[in-house]
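Student: Okay, here's the structure, questions in a sec.
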Amino acid sequence: MRSVKFFVIAGAASLLSSMASAADMAIAPPPMPYAPPVADFGGWYLRGDVGFSNQSVGSIRNTNAALYSNLNSFQETTGFDTGGIYQLGAGYQFNHWFRVDVTGQYRGAANFHGLDLISYPAGGGVTGYGADVYNASKSEWLFLANAYVDLGTWWCITPYIGAGIGTARVQVANFTDSGVVNNGAGAGPSLVSAATGSQWNFAWAVHAGLAYQVTPNMAIDLSYSYVNLGNGTTGIDGAFDGSVGGHVFQFNNITSQDVMLGVRWNFWSPPAYAPPLITKG
């Protein structure tokens, strides 16, 4: 009987010892919540830009076909002074890499200078030579619908590329053509002027740039654009002595390389990253 009591007491002591050891064990913390991945975002933005143009034109030609029937232009040099660009636009950012916008530009008047050296048969086996000096000013309104791909962000800087299509209203004003010819018998000056003329064209552009995110709602944008503005035209021309006139001068294939600096204002804030919660025991 005494041995039975001994075994009962020993078993009870062993059970109490096991319970005490279990009570000393640390309770496992609850599972740590994971932060959800940052979701794509979207929202509207406004933009404003200023810059300057670097323009060129393929050729200058009068629509009087008979005037060019026997002429040979052997040297033509043309160029524009720099013109200011002022742009406003509105767009939508679909996600971290794709956005679209529409822009309207006023492209300030740029002075145009041109020189055309010509030769022509003067009769009797004589070759005549001449020179035309062109002067004008040109301005545009340009409206584009653009799409951009943002190529990633490093140290708050986002490079991007894009393209746009739209329309341009090209205006040519203050056009003059000062010429002189020498046909072997003498030289003769001429002066032709033309009224202001304008026309609407299909226009397109390609873009590249860098955007610096100053705040979640504002970015500074430095951009380069190659723009094809189509053609331009003067109004009806006329010589000072009435000898020629009734036609227009055409500016063919006007292009420009533009540099602009601007600001984009977002009407939304990109979602902020939330670190996971940590439970301390």
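So you can find residues: chains in the structure tokens are A, B, ... in the order shown, residues in each start at 1, and ligands are numbered from 1 in order.
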Identify, with DSSP run on backbone atoms, the residues in range 29-230 of chain A assigned to strand (DSSP E or B), and express the list as number ranges by chain.

Tutor: A: 43-53, 55-62, 72-80, 83-93, 98-123, 126-150, 154, 157-182, 187-194, 197-215, 218-230

Student: Quick one: residues within 6 Å of range 143-151 of chain A, only C-alpha atoms, excluding same-chain residues fewer than 5 positions away - as a ChimeraX atom specification?

Tutor: /A:97-104,159-167

Student: Set the distance at 8 Å and use only C-alpha atoms: which residues neighbour range 112-119 of chain A once local chain neighbours fewer than 5 positions away are removed? I'd like the list as a ChimeraX atom specification.

Tutor: /A:71-81,127-138

Student: Sorted by chain and rising residue number, which residues of range 152-201 of chain A lie within 12 Å of range 59-62 of chain A, and what are their closest atom pairs and distances in Å to one decimal, counting only C-alpha atoms, as a tab-separated table?

Tutor:
```
residue	atom	partner	partner_atom	distance
A:Phe175	CA	A:Ile60	CA	11.6
A:Asp177	CA	A:Asn62	CA	10.6
A:Val192	CA	A:Asn62	CA	11.1
A:Ser193	CA	A:Asn62	CA	11.9
A:Ala194	CA	A:Asn62	CA	10.9
```

Student: Show me, as a PyMOL selection string, the residues that have an atom within 8 Å of range 171-173 of chain A when counting only C-alpha atoms, minus same-chain residues fewer than 4 positions from it.

Tutor: chain A and resi 136-140+194-199+232-234

Student: Write the residues of the preceding selection, restricted to N, CA and C atoms, as a compact mmCIF listing (two decimals), in the first residue's frame.

Tutor:
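Saved to selection_11.txt:
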```txt
# COMPACT_ATOMS: atom_id res chain seq x y z
N ALA A 136 11.06 87.70 -94.04
CA ALA A 136 9.67 87.54 -93.59
C ALA A 136 9.68 87.28 -92.10
N SER A 137 8.51 87.20 -91.54
CA SER A 137 8.35 86.71 -90.16
C SER A 137 7.27 85.63 -90.17
N LYS A 138 7.41 84.64 -89.30
CA LYS A 138 6.50 83.49 -89.29
C LYS A 138 6.14 83.15 -87.86
N SER A 139 4.86 82.83 -87.64
CA SER A 139 4.39 82.40 -86.32
C SER A 139 3.38 81.28 -86.50
N GLU A 140 3.08 80.57 -85.43
CA GLU A 140 2.15 79.45 -85.51
C GLU A 140 1.30 79.34 -84.25
N ALA A 194 4.61 90.71 -100.36
CA ALA A 194 3.39 89.90 -100.32
C ALA A 194 2.62 90.21 -99.05
N ALA A 195 1.30 90.10 -99.14
CA ALA A 195 0.44 90.29 -97.97
C ALA A 195 0.61 89.12 -97.01
N THR A 196 0.09 89.31 -95.82
CA THR A 196 0.12 88.24 -94.81
C THR A 196 -0.77 87.09 -95.26
N GLY A 197 -0.27 85.88 -95.10
CA GLY A 197 -1.05 84.69 -95.45
C GLY A 197 -0.92 83.63 -94.38
N SER A 198 -1.90 82.73 -94.32
CA SER A 198 -1.87 81.65 -93.33
C SER A 198 -2.58 80.43 -93.87
N GLN A 199 -2.29 79.28 -93.30
CA GLN A 199 -2.98 78.06 -93.66
C GLN A 199 -2.87 77.06 -92.51
N GLY A 232 3.78 76.61 -95.26
CA GLY A 232 3.26 77.95 -95.03
C GLY A 232 3.08 78.67 -96.35
N THR A 233 2.32 79.73 -96.32
CA THR A 233 2.10 80.50 -97.54
C THR A 233 1.98 81.99 -97.21
N THR A 234 2.42 82.82 -98.15
CA THR A 234 2.18 84.26 -98.05
C THR A 234 0.81 84.57 -98.63
```

Student: Just how far from CA of Gly209 in chain A is CA of Ala168 in chain A, in Å to one decimal?

Tutor: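 That distance, rounded to one decimal, is 22.3 Å.
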
Student: Would you list the contacts of Leu191 in chain A as a PDB file with N, CA and C atoms, in the first residue's frame, taking every protein, DNA or RNA residue within 6 Å and counting only C-alpha atoms, but skipping same-chain residues closer than 6 positions in sequence?

Tutor:
```
ATOM      1  N   ASP A 177      10.848  90.059-101.331  1.00  0.00           N
ATOM      2  CA  ASP A 177      11.827  89.383-102.198  1.00  0.00           C
ATOM      3  C   ASP A 177      12.577  90.474-102.956  1.00  0.00           C
ATOM      4  N   SER A 178      13.809  90.718-102.524  1.00  0.00           N
ATOM      5  CA  SER A 178      14.658  91.721-103.188  1.00  0.00           C
ATOM      6  C   SER A 178      15.582  90.984-104.149  1.00  0.00           C
ATOM      7  N   ALA A 239       4.978  93.127-107.534  1.00  0.00           N
ATOM      8  CA  ALA A 239       6.233  93.877-107.688  1.00  0.00           C
ATOM      9  C   ALA A 239       5.966  95.368-107.496  1.00  0.00           C
ATOM     10  N   PHE A 240       7.006  96.097-107.130  1.00  0.00           N
ATOM     11  CA  PHE A 240       6.853  97.528-106.872  1.00  0.00           C
ATOM     12  C   PHE A 240       6.477  98.300-108.134  1.00  0.00           C
TER      13      PHE A 240
END
```

Student: Between A:Gly43, A:Ser53, A:Tyr106, A:Asn231, which one has atoms that come closest to Trp141 in chain A, using only C-alpha atoms?

Tutor: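 When distances to Trp141 in chain A are compared using only C-alpha atoms, the smallest one comes from A:Tyr106.
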
Student: Give me the residues near Thr82 in chain A as a list in words, where near means some atom within 8 Å (using only C-alpha atoms) and where sequence neighbours in that chain fewer than 2 positions away do not count.

Tutor: Phe52, Ser53, Asn54, Gln55, Phe80, Gly84, Ala110 and Asn111 of chain A

Student: Output N, CA and C atoms of each residue in that selection to a file, as a PDB file, in the first residue's frame.

Tutor:
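Full text of part_16.pdb as output:
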```
ATOM      1  N   PHE A  52      11.979  77.673 -76.667  1.00  0.00           N
ATOM      2  CA  PHE A  52      12.382  78.357 -77.895  1.00  0.00           C
ATOM      3  C   PHE A  52      12.480  77.351 -79.029  1.00  0.00           C
ATOM      4  N   SER A  53      12.347  77.869 -80.248  1.00  0.00           N
ATOM      5  CA  SER A  53      12.352  77.026 -81.439  1.00  0.00           C
ATOM      6  C   SER A  53      13.654  77.192 -82.212  1.00  0.00           C
ATOM      7  N   ASN A  54      13.980  76.167 -82.982  1.00  0.00           N
ATOM      8  CA  ASN A  54      15.100  76.192 -83.918  1.00  0.00           C
ATOM      9  C   ASN A  54      14.566  75.623 -85.230  1.00  0.00           C
ATOM     10  N   GLN A  55      14.101  76.506 -86.140  1.00  0.00           N
ATOM     11  CA  GLN A  55      13.295  76.087 -87.280  1.00  0.00           C
ATOM     12  C   GLN A  55      14.098  76.032 -88.570  1.00  0.00           C
ATOM     13  N   PHE A  80      15.877  80.664 -89.854  1.00  0.00           N
ATOM     14  CA  PHE A  80      15.001  81.426 -88.981  1.00  0.00           C
ATOM     15  C   PHE A  80      15.767  81.847 -87.731  1.00  0.00           C
ATOM     16  N   GLY A  84      10.126  82.400 -79.497  1.00  0.00           N
ATOM     17  CA  GLY A  84       9.627  81.920 -78.218  1.00  0.00           C
ATOM     18  C   GLY A  84       8.435  80.997 -78.379  1.00  0.00           C
ATOM     19  N   ALA A 110       9.118  84.439 -85.631  1.00  0.00           N
ATOM     20  CA  ALA A 110      10.554  84.244 -85.857  1.00  0.00           C
ATOM     21  C   ALA A 110      10.912  84.872 -87.192  1.00  0.00           C
ATOM     22  N   ASN A 111      11.944  85.706 -87.208  1.00  0.00           N
ATOM     23  CA  ASN A 111      12.375  86.335 -88.451  1.00  0.00           C
ATOM     24  C   ASN A 111      12.998  85.306 -89.386  1.00  0.00           C
TER      25      ASN A 111
END
```

Student: For range 222-229 of chain A, please output as a short mmCIF file (atom, residue, chain, number, x, y, z; two decimals) with N, CA and C atoms, in the first residue's frame all residues within 7 Å (counting only C-alpha atoms; exclusion window: fewer than 6 positions along the same chain).

Tutor:
```cif
data_model
loop_
_atom_site.label_atom_id
_atom_site.label_comp_id
_atom_site.auth_asym_id
_atom_site.auth_seq_id
_atom_site.Cartn_x
_atom_site.Cartn_y
_atom_site.Cartn_z
N ALA A 168 -1.60 72.57 -87.16
CA ALA A 168 -0.84 73.82 -86.98
C ALA A 168 -1.38 74.88 -87.94
N ASN A 201 -2.44 73.08 -91.32
CA ASN A 201 -1.77 71.86 -91.79
C ASN A 201 -1.93 70.74 -90.76
N ALA A 203 -0.02 68.29 -88.44
CA ALA A 203 1.28 68.42 -87.77
C ALA A 203 1.53 67.20 -86.90
N TRP A 204 2.80 66.89 -86.69
CA TRP A 204 3.16 65.77 -85.81
C TRP A 204 4.47 66.09 -85.09
N ALA A 205 4.71 65.37 -84.02
CA ALA A 205 5.91 65.64 -83.21
C ALA A 205 6.34 64.37 -82.49
N VAL A 206 7.62 64.31 -82.18
CA VAL A 206 8.16 63.27 -81.29
C VAL A 206 8.86 63.99 -80.14
N HIS A 207 8.78 63.40 -78.93
CA HIS A 207 9.26 64.06 -77.72
C HIS A 207 10.22 63.16 -76.95
N ALA A 208 11.07 63.79 -76.17
CA ALA A 208 11.90 63.10 -75.18
C ALA A 208 12.18 64.11 -74.07
N GLY A 209 12.33 63.61 -72.85
CA GLY A 209 12.56 64.57 -71.78
C GLY A 209 12.85 63.92 -70.45
N LEU A 210 13.04 64.77 -69.45
CA LEU A 210 13.29 64.37 -68.07
C LEU A 210 12.34 65.14 -67.17
N ALA A 211 11.70 64.43 -66.25
CA ALA A 211 10.82 65.06 -65.27
C ALA A 211 11.40 64.86 -63.88
N ILE A 254 8.15 72.84 -93.27
CA ILE A 254 8.68 73.57 -92.13
C ILE A 254 8.82 72.62 -90.94
N THR A 255 10.00 72.55 -90.37
CA THR A 255 10.25 71.72 -89.20
C THR A 255 10.92 72.55 -88.11
N SER A 256 10.91 72.02 -86.90
CA SER A 256 11.52 72.75 -85.79
C SER A 256 12.01 71.77 -84.74
N GLN A 257 13.12 72.13 -84.11
CA GLN A 257 13.63 71.41 -82.95
C GLN A 257 13.49 72.34 -81.74
N ASP A 258 12.61 71.94 -80.83
CA ASP A 258 12.22 72.79 -79.71
C ASP A 258 12.79 72.28 -78.39
N VAL A 259 13.14 73.21 -77.53
CA VAL A 259 13.54 72.90 -76.15
C VAL A 259 12.63 73.71 -75.23
N MET A 260 12.03 73.02 -74.24
CA MET A 260 11.09 73.68 -73.34
C MET A 260 11.33 73.26 -71.89
N LEU A 261 11.01 74.17 -70.99
CA LEU A 261 11.06 73.93 -69.55
C LEU A 261 9.69 74.25 -69.00
N GLY A 262 9.13 73.33 -68.21
CA GLY A 262 7.78 73.55 -67.73
C GLY A 262 7.52 72.89 -66.39
#
```

Student: Using only C-alpha atoms, which residue out of A:Ser190, A:Asn174, A:Thr158, A:Asn182 lies closest to Asp221 in chain A?

Tutor: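 Closest residue, counting only C-alpha atoms: A:Thr158.
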
Student: Please, what distance in Å, to one decimal, runs between CA of Leu88 in chain A and CA of Phe202 in chain A?

Tutor: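 Distance reported for this atom pair: 19.7 Å.
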
Student: How far is it from CA of Gly242 in chain A to CA of Val126 in chain A, in Å with one decimal?

Tutor: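 Going from CA of Gly242 in chain A over to CA of Val126 in chain A, I get 26.5 Å.
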
Student: Taking only C-alpha atoms into account, name the residue in A:Met218, A:Leu142, A:Ala65, A:Leu46 that is nearest to His247 in chain A.

Tutor: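 Ranked by minimum distance to His247 in chain A, first place goes to A:Ala65.
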